[in-house]
>>> print(open('work.cif').read())   # mmCIF, C-alpha atoms
data_model
#
loop_
_atom_site.group_PDB
_atom_site.id
_atom_site.type_symbol
_atom_site.label_atom_id
_atom_site.label_comp_id
_atom_site.auth_asym_id
_atom_site.auth_seq_id
_atom_site.Cartn_x
_atom_site.Cartn_y
_atom_site.Cartn_z
ATOM 1 C CA MET I 7 175.207 -11.550 -36.352
ATOM 2 C CA GLU I 8 173.558 -9.323 -38.950
ATOM 3 C CA VAL I 9 174.564 -6.288 -41.005
ATOM 4 C CA SER I 10 172.486 -4.359 -43.529
ATOM 5 C CA ASN I 11 172.879 -1.218 -45.611
ATOM 6 C CA GLY I 12 169.298 -0.979 -46.855
ATOM 7 C CA VAL I 13 170.196 -2.705 -50.141
ATOM 8 C CA LEU I 14 171.738 -5.955 -48.910
ATOM 9 C CA ARG I 15 171.348 -7.909 -45.678
ATOM 10 C CA LEU I 16 173.959 -10.407 -44.550
ATOM 11 C CA ARG I 17 173.877 -12.803 -41.598
ATOM 12 C CA THR I 18 176.755 -14.859 -40.235
ATOM 13 C CA ALA I 19 177.152 -17.443 -37.470
ATOM 14 C CA PRO I 20 180.360 -16.722 -35.481
ATOM 15 C CA GLU I 21 180.048 -19.933 -33.479
ATOM 16 C CA PHE I 22 179.855 -22.072 -36.637
ATOM 17 C CA GLY I 23 182.827 -21.161 -38.780
ATOM 18 C CA ALA I 24 181.564 -17.612 -39.336
ATOM 19 C CA ARG I 25 179.343 -19.262 -41.944
ATOM 20 C CA ILE I 26 177.348 -16.731 -43.937
ATOM 21 C CA THR I 27 173.793 -18.010 -43.773
ATOM 22 C CA GLU I 28 172.053 -15.226 -45.659
ATOM 23 C CA LEU I 29 172.869 -12.719 -48.382
ATOM 24 C CA THR I 30 169.550 -11.121 -49.297
ATOM 25 C CA ASP I 31 168.867 -8.444 -51.879
ATOM 26 C CA LEU I 32 166.326 -6.313 -50.024
ATOM 27 C CA ARG I 33 165.069 -4.846 -53.306
ATOM 28 C CA SER I 34 163.880 -8.221 -54.626
ATOM 29 C CA GLY I 35 163.749 -10.244 -51.403
ATOM 30 C CA ARG I 36 165.949 -12.974 -52.872
ATOM 31 C CA ASN I 37 168.376 -14.741 -50.549
ATOM 32 C CA TRP I 38 171.185 -15.944 -52.810
ATOM 33 C CA ILE I 39 172.628 -18.341 -50.207
ATOM 34 C CA VAL I 40 171.481 -21.967 -49.865
ATOM 35 C CA PRO I 41 169.705 -22.110 -46.480
ATOM 36 C CA GLY I 42 170.302 -24.865 -43.946
ATOM 37 C CA ASP I 43 170.819 -25.816 -40.340
ATOM 38 C CA LEU I 44 174.069 -25.152 -38.500
ATOM 39 C CA LYS I 45 175.037 -28.771 -37.950
ATOM 40 C CA GLY I 46 178.357 -30.550 -37.908
ATOM 41 C CA SER I 47 181.177 -31.574 -35.601
ATOM 42 C CA ALA I 48 184.203 -29.447 -34.769
ATOM 43 C CA ALA I 49 186.304 -32.611 -34.403
ATOM 44 C CA GLU I 50 189.370 -33.243 -36.537
ATOM 45 C CA GLY I 51 187.705 -36.191 -38.255
ATOM 46 C CA ALA I 52 184.464 -34.369 -39.061
ATOM 47 C CA SER I 53 182.905 -34.824 -42.489
ATOM 48 C CA TYR I 54 181.383 -31.730 -44.054
ATOM 49 C CA ILE I 55 178.922 -33.678 -46.182
ATOM 50 C CA GLU I 56 177.428 -35.705 -43.336
ATOM 51 C CA GLU I 57 175.061 -32.771 -42.823
ATOM 52 C CA ARG I 58 173.304 -31.128 -45.748
ATOM 53 C CA PRO I 59 175.795 -28.629 -47.282
ATOM 54 C CA SER I 60 174.546 -25.052 -47.120
ATOM 55 C CA GLY I 61 175.710 -21.481 -46.570
ATOM 56 C CA TRP I 62 179.039 -19.867 -47.346
ATOM 57 C CA ASP I 63 182.176 -21.213 -45.665
ATOM 58 C CA GLU I 64 185.885 -20.673 -46.242
ATOM 59 C CA CYS I 65 187.850 -23.808 -47.160
ATOM 60 C CA PHE I 66 191.438 -23.783 -45.837
ATOM 61 C CA PRO I 67 194.022 -25.383 -45.975
ATOM 62 C CA THR I 68 192.264 -28.042 -48.071
ATOM 63 C CA VAL I 69 188.881 -28.779 -49.604
ATOM 64 C CA ALA I 70 188.924 -32.574 -49.523
ATOM 65 C CA ALA I 71 190.160 -34.611 -46.552
ATOM 66 C CA CYS I 72 193.735 -35.797 -46.969
ATOM 67 C CA GLU I 73 196.956 -36.705 -45.160
ATOM 68 C CA MET I 74 199.535 -33.917 -44.964
ATOM 69 C CA HIS I 75 202.757 -34.445 -42.994
ATOM 70 C CA ALA I 76 203.524 -30.723 -42.792
ATOM 71 C CA TRP I 77 200.227 -30.266 -40.944
ATOM 72 C CA GLY I 78 200.895 -33.123 -38.532
ATOM 73 C CA GLY I 79 198.685 -35.763 -40.175
ATOM 74 C CA GLY I 80 195.127 -35.757 -41.420
ATOM 75 C CA LEU I 81 193.279 -32.660 -42.610
ATOM 76 C CA ARG I 82 189.498 -32.684 -42.226
ATOM 77 C CA ASP I 83 186.951 -32.589 -45.022
ATOM 78 C CA HIS I 84 186.502 -29.012 -46.309
ATOM 79 C CA GLY I 85 189.295 -27.717 -44.081
ATOM 80 C CA ALA I 86 189.987 -26.438 -40.582
ATOM 81 C CA LEU I 87 187.643 -23.452 -40.452
ATOM 82 C CA TRP I 88 184.029 -24.559 -40.896
ATOM 83 C CA GLY I 89 181.916 -25.463 -37.877
ATOM 84 C CA ARG I 90 184.369 -23.967 -35.371
ATOM 85 C CA ALA I 91 184.022 -20.802 -33.325
ATOM 86 C CA TRP I 92 185.446 -17.580 -34.772
ATOM 87 C CA THR I 93 185.723 -14.125 -33.236
ATOM 88 C CA CYS I 94 183.432 -11.716 -35.110
ATOM 89 C CA ASN I 95 183.112 -7.958 -34.693
ATOM 90 C CA ALA I 96 180.474 -5.837 -36.428
ATOM 91 C CA LYS I 97 181.607 -2.455 -37.748
ATOM 92 C CA SER I 98 178.844 -0.266 -39.254
ATOM 93 C CA SER I 99 178.006 -2.117 -42.504
ATOM 94 C CA GLY I 100 180.673 -4.779 -42.105
ATOM 95 C CA ILE I 101 181.951 -7.742 -40.106
ATOM 96 C CA VAL I 102 185.546 -8.713 -39.323
ATOM 97 C CA ALA I 103 185.795 -12.459 -38.645
ATOM 98 C CA THR I 104 188.973 -14.058 -37.260
ATOM 99 C CA TYR I 105 189.947 -17.682 -36.645
ATOM 100 C CA GLU I 106 193.065 -18.270 -34.548
ATOM 101 C CA ASP I 107 194.978 -21.541 -34.465
ATOM 102 C CA PRO I 108 198.401 -22.230 -32.924
ATOM 103 C CA ARG I 109 199.701 -22.578 -36.494
ATOM 104 C CA PHE I 110 197.957 -19.697 -38.283
ATOM 105 C CA VAL I 111 195.511 -16.782 -38.127
ATOM 106 C CA PHE I 112 192.852 -16.495 -40.835
ATOM 107 C CA ARG I 113 190.861 -13.269 -41.168
ATOM 108 C CA ARG I 114 187.964 -12.279 -43.421
ATOM 109 C CA SER I 115 186.757 -8.686 -43.483
ATOM 110 C CA LEU I 116 183.561 -7.894 -45.346
ATOM 111 C CA ARG I 117 181.783 -4.611 -45.936
ATOM 112 C CA LEU I 118 178.476 -3.811 -47.604
ATOM 113 C CA ALA I 119 178.666 -0.872 -50.026
ATOM 114 C CA GLY I 120 175.492 -0.311 -52.031
ATOM 115 C CA GLU I 121 174.956 -3.440 -54.107
ATOM 116 C CA TYR I 122 178.479 -4.731 -53.346
ATOM 117 C CA VAL I 123 180.021 -7.014 -50.742
ATOM 118 C CA ILE I 124 183.701 -6.028 -50.469
ATOM 119 C CA LEU I 125 185.898 -8.866 -49.121
ATOM 120 C CA ARG I 126 189.449 -8.719 -47.832
ATOM 121 C CA TYR I 127 191.334 -11.734 -46.527
ATOM 122 C CA SER I 128 194.578 -12.213 -44.630
ATOM 123 C CA LEU I 129 196.492 -15.298 -43.534
ATOM 124 C CA THR I 130 199.424 -15.288 -41.098
ATOM 125 C CA GLU I 131 201.721 -18.234 -40.343
ATOM 126 C CA ARG I 132 202.586 -18.813 -36.662
ATOM 127 C CA GLN I 133 204.821 -21.873 -36.567
ATOM 128 C CA SER I 134 208.528 -22.449 -37.152
ATOM 129 C CA SER I 135 208.306 -24.373 -40.439
ATOM 130 C CA PRO I 136 206.603 -23.607 -43.767
ATOM 131 C CA LEU I 137 203.007 -24.718 -44.338
ATOM 132 C CA PRO I 138 201.462 -25.715 -47.675
ATOM 133 C CA TRP I 139 197.906 -24.552 -48.226
ATOM 134 C CA LEU I 140 195.086 -23.855 -50.602
ATOM 135 C CA TRP I 141 191.986 -21.704 -50.146
ATOM 136 C CA SER I 142 188.590 -21.844 -51.769
ATOM 137 C CA GLN I 143 185.654 -19.555 -51.203
ATOM 138 C CA HIS I 144 182.803 -22.025 -50.676
ATOM 139 C CA CYS I 145 179.684 -19.980 -51.343
ATOM 140 C CA LEU I 146 176.710 -22.227 -52.110
ATOM 141 C CA LEU I 147 174.103 -20.414 -54.213
ATOM 142 C CA ALA I 148 170.400 -21.177 -54.458
ATOM 143 C CA CYS I 149 169.773 -21.671 -58.173
ATOM 144 C CA ARG I 150 166.722 -21.690 -60.430
ATOM 145 C CA PRO I 151 166.199 -23.553 -63.732
ATOM 146 C CA GLY I 152 167.338 -21.589 -66.773
ATOM 147 C CA GLU I 153 169.809 -19.356 -64.951
ATOM 148 C CA ARG I 154 173.253 -19.300 -66.509
ATOM 149 C CA ILE I 155 176.942 -18.714 -65.852
ATOM 150 C CA VAL I 156 178.419 -15.636 -67.548
ATOM 151 C CA ALA I 157 182.198 -15.286 -67.296
ATOM 152 C CA SER I 158 185.037 -13.114 -68.588
ATOM 153 C CA GLY I 159 188.739 -12.940 -67.820
ATOM 154 C CA ILE I 160 189.091 -16.705 -67.427
ATOM 155 C CA GLY I 161 190.408 -19.536 -69.575
ATOM 156 C CA PRO I 162 188.408 -22.602 -70.608
ATOM 157 C CA TRP I 163 186.584 -24.731 -68.051
ATOM 158 C CA HIS I 164 187.782 -28.320 -67.591
ATOM 159 C CA ASP I 165 186.122 -31.230 -65.820
ATOM 160 C CA SER I 166 187.794 -33.673 -63.416
ATOM 161 C CA ALA I 167 189.060 -35.747 -66.363
ATOM 162 C CA GLY I 168 190.713 -32.705 -67.959
ATOM 163 C CA LYS I 169 188.153 -32.430 -70.747
ATOM 164 C CA GLU I 170 187.223 -28.922 -71.885
ATOM 165 C CA VAL I 171 183.582 -28.156 -71.092
ATOM 166 C CA SER I 172 181.122 -25.299 -71.465
ATOM 167 C CA PRO I 173 178.669 -24.851 -68.586
ATOM 168 C CA GLY I 174 175.115 -24.641 -69.866
ATOM 169 C CA PRO I 175 171.998 -23.193 -68.244
ATOM 170 C CA VAL I 176 170.925 -24.462 -64.839
ATOM 171 C CA LEU I 177 168.870 -27.635 -65.181
ATOM 172 C CA PRO I 178 165.859 -28.578 -63.061
ATOM 173 C CA ALA I 179 166.318 -30.615 -59.887
ATOM 174 C CA SER I 180 165.063 -33.679 -61.753
ATOM 175 C CA ALA I 181 168.035 -33.590 -64.177
ATOM 176 C CA GLY I 182 170.285 -35.546 -61.853
ATOM 177 C CA GLY I 183 173.696 -34.091 -62.772
ATOM 178 C CA ALA I 184 176.528 -33.031 -60.456
ATOM 179 C CA GLY I 185 180.185 -32.124 -60.880
ATOM 180 C CA LYS I 186 182.932 -29.555 -60.511
ATOM 181 C CA PHE I 187 184.839 -27.630 -63.165
ATOM 182 C CA PHE I 188 187.963 -25.452 -62.896
ATOM 183 C CA ALA I 189 189.228 -22.587 -65.061
ATOM 184 C CA PRO I 190 192.369 -20.420 -64.848
ATOM 185 C CA VAL I 191 192.081 -16.687 -64.231
ATOM 186 C CA GLU I 192 193.614 -14.444 -66.875
ATOM 187 C CA GLY I 193 194.134 -11.041 -65.277
ATOM 188 C CA ARG I 194 190.817 -9.740 -63.934
ATOM 189 C CA ALA I 195 188.042 -12.319 -63.593
ATOM 190 C CA SER I 196 184.294 -11.838 -63.550
ATOM 191 C CA VAL I 197 182.073 -14.870 -63.006
ATOM 192 C CA ALA I 198 178.344 -14.232 -62.682
ATOM 193 C CA PHE I 199 175.240 -16.298 -62.160
ATOM 194 C CA ALA I 200 172.329 -14.637 -63.954
ATOM 195 C CA GLY I 201 168.672 -15.032 -64.790
ATOM 196 C CA ASP I 202 165.273 -13.392 -64.552
ATOM 197 C CA GLY I 203 165.665 -13.259 -60.759
ATOM 198 C CA GLY I 204 168.753 -11.037 -60.923
ATOM 199 C CA LEU I 205 172.511 -11.479 -61.117
ATOM 200 C CA ILE I 206 175.248 -12.203 -58.597
ATOM 201 C CA GLU I 207 178.750 -11.414 -59.860
ATOM 202 C CA PHE I 208 182.108 -12.353 -58.325
ATOM 203 C CA THR I 209 185.133 -10.293 -59.417
ATOM 204 C CA TRP I 210 188.801 -10.594 -58.440
ATOM 205 C CA ASP I 211 192.237 -10.717 -60.046
ATOM 206 C CA ALA I 212 194.713 -13.526 -60.614
ATOM 207 C CA ALA I 213 197.038 -12.233 -57.889
ATOM 208 C CA SER I 214 194.274 -12.894 -55.346
ATOM 209 C CA ALA I 215 193.030 -16.214 -56.746
ATOM 210 C CA PRO I 216 194.540 -17.638 -59.965
ATOM 211 C CA TRP I 217 191.729 -20.188 -60.432
ATOM 212 C CA VAL I 218 187.980 -20.498 -60.153
ATOM 213 C CA GLY I 219 185.917 -23.582 -59.405
ATOM 214 C CA LEU I 220 182.311 -24.145 -60.466
ATOM 215 C CA TRP I 221 180.413 -26.683 -58.385
ATOM 216 C CA PHE I 222 176.901 -27.776 -59.328
ATOM 217 C CA SER I 223 174.352 -30.344 -58.270
ATOM 218 C CA TYR I 224 171.019 -30.515 -60.057
ATOM 219 C CA GLY I 225 169.631 -33.224 -57.814
ATOM 220 C CA GLY I 226 172.483 -35.561 -58.737
ATOM 221 C CA TRP I 227 174.473 -35.847 -55.496
ATOM 222 C CA PRO I 228 174.484 -37.352 -52.940
ATOM 223 C CA LEU I 229 172.120 -40.116 -53.971
ATOM 224 C CA ASP I 230 170.473 -40.454 -50.556
ATOM 225 C CA ASN I 231 169.733 -36.717 -50.136
ATOM 226 C CA PRO I 232 170.295 -34.857 -53.437
ATOM 227 C CA LEU I 233 171.326 -31.207 -53.459
ATOM 228 C CA TYR I 234 170.159 -28.420 -55.755
ATOM 229 C CA GLN I 235 172.786 -25.672 -55.779
ATOM 230 C CA ILE I 236 175.690 -23.972 -57.545
ATOM 231 C CA GLY I 237 178.982 -22.702 -56.159
ATOM 232 C CA ILE I 238 181.175 -20.036 -57.790
ATOM 233 C CA GLU I 239 184.485 -20.574 -56.007
ATOM 234 C CA PRO I 240 187.530 -18.305 -56.440
ATOM 235 C CA THR I 241 190.433 -20.495 -55.364
ATOM 236 C CA SER I 242 194.205 -20.610 -55.104
ATOM 237 C CA ALA I 243 194.541 -23.989 -56.858
ATOM 238 C CA PRO I 244 192.506 -26.306 -59.144
ATOM 239 C CA PHE I 245 192.499 -29.198 -56.684
ATOM 240 C CA ASN I 246 190.302 -30.391 -53.844
ATOM 241 C CA PRO I 247 192.829 -32.294 -51.659
ATOM 242 C CA LEU I 248 195.859 -30.279 -50.562
ATOM 243 C CA SER I 249 197.964 -33.439 -50.933
ATOM 244 C CA GLU I 250 197.290 -33.460 -54.691
ATOM 245 C CA ALA I 251 198.093 -29.750 -54.972
ATOM 246 C CA VAL I 252 201.446 -30.357 -53.243
ATOM 247 C CA LYS I 253 202.208 -33.421 -55.365
ATOM 248 C CA ARG I 254 201.504 -31.539 -58.586
ATOM 249 C CA GLY I 255 203.239 -28.292 -57.595
ATOM 250 C CA GLY I 256 200.009 -26.305 -57.271
ATOM 251 C CA ALA I 257 200.017 -25.529 -53.545
ATOM 252 C CA ASP I 258 200.986 -22.240 -51.969
ATOM 253 C CA TRP I 259 203.552 -22.298 -49.154
ATOM 254 C CA LEU I 260 203.447 -19.943 -46.200
ATOM 255 C CA GLU I 261 206.806 -19.164 -44.598
ATOM 256 C CA THR I 262 207.356 -18.633 -40.881
ATOM 257 C CA GLY I 263 205.757 -15.366 -39.776
ATOM 258 C CA GLU I 264 204.580 -14.561 -43.303
ATOM 259 C CA THR I 265 201.256 -12.821 -43.977
ATOM 260 C CA ARG I 266 199.349 -13.075 -47.256
ATOM 261 C CA HIS I 267 196.541 -10.784 -48.388
ATOM 262 C CA TRP I 268 193.912 -11.186 -51.100
ATOM 263 C CA GLN I 269 190.528 -9.748 -51.961
ATOM 264 C CA CYS I 270 187.422 -10.017 -54.096
ATOM 265 C CA ARG I 271 183.999 -8.448 -54.357
ATOM 266 C CA ILE I 272 180.470 -9.617 -54.975
ATOM 267 C CA ARG I 273 177.841 -7.535 -56.740
ATOM 268 C CA ILE I 274 174.093 -8.224 -56.775
ATOM 269 C CA ILE I 275 172.035 -6.663 -59.545
ATOM 270 C CA ILE I 276 168.275 -6.858 -60.042
#
>>> encode(input="work.cif", output="structure tokens")
Amino acid sequence: MEVSNGVLRLRTAPEFGARITELTDLRSGRNWIVPGDLKGSAAEGASYIEERPSGWDECFPTVAACEMHAWGGGLRDHGALWGRAWTCNAKSSGIVATYEDPRFVFRRSLRLAGEYVILRYSLTERQSSPLPWLWSQHCLLACRPGERIVASGIGPWHDSAGKEVSPGPVLPASAGGAGKFFAPVEGRASVAFAGDGGLIEFTWDAASAPWVGLWFSYGGWPLDNPLYQIGIEPTSAPFNPLSEAVKRGGADWLETGETRHWQCRIRIII
């Protein structure tokens, strides 16, 4: 499914998690999304990384596979939504994508407006007991050496060991590094990825996503088929497995019949 407003063109695959496979600036011709095949199993035990990670998915209710009693057992790698069929409806310069489960309804509405992608999300609980959850926007960006992260409205970045770090310029694919950092959002956040080829900027507020993740692989992971990509990931919690978020008091809880709303926007500048 495709939408365009003459400035941006966006394509999504309703049958495969409503994955966004293309976000192209028609002025420059640059597709900011990591391209790839639509491969992967819809089974509960499916592993996201068994196929080459690409595109833009929504991770919910976890990022990493884990056991979660409130969800009836194991949660799959990168969550319940990717690789499964959604219902998508195109509306002028936008797409409303909905995934329905007996336990919840997840909806993402996007609209192209000039150089912006306007995103609105909603999540509704359907079962009789509360559900813990986290969400992460999993937008994998095609990077180029020398491009850099420019951020405001966030606290310091920390690595998985809790050490404060400062992301440097994008390294070449031969550099071999990979990792993920998290930073807290302080009011209104702006995290951009910029270089000679343009700028893509994500903006949102702490009420929508109180954290941001920064994933990167400069040919460093996985060893058998290294990736070259960056991910700017607004998220509800600075954890990958939901089980860790629950254990450390960082998970959200959705009450019976409750609906949550949040939003963000993406701007592409040449």
>>> resolve_selection(input="work.cif", expression="the PyMOL selection byres ((chain I and resi 206) around 6)", output="list in words")
Ala198, Phe199, Leu205, Glu207, Arg273 and Ile274 of chain I
>>> atom_distance(input="work.cif", atom1="CA of Ala71 (chain I)", atom2="CA of Arg90 (chain I)")
16.5 Å
>>> resolve_selection(input="work.cif", expression="the PyMOL selection byres ((chain I and resi 183-195) around 6)", output="JSON, numbers by chain")
{"I": [158, 159, 160, 161, 162, 163, 164, 165, 181, 182, 196, 209, 210, 211, 212, 216, 217, 218, 219, 220, 221, 222, 223, 224, 226, 244]}
>>> closest_residue(input="work.cif", among="I:Pro20, I:Gly120, I:Gly12, I:Gly79", to="Ala91 (chain I)", atoms="all atoms listed in the file")
I:Pro20
>>> closest_residue(input="work.cif", among="I:Pro41, I:Gly256, I:Pro151, I:Gly168", to="Gly203 (chain I)", atoms="all atoms listed in the file")
I:Pro151
>>> atom_distance(input="work.cif", atom1="CA of Ile55 (chain I)", atom2="CA of Ile238 (chain I)")
18.1 Å
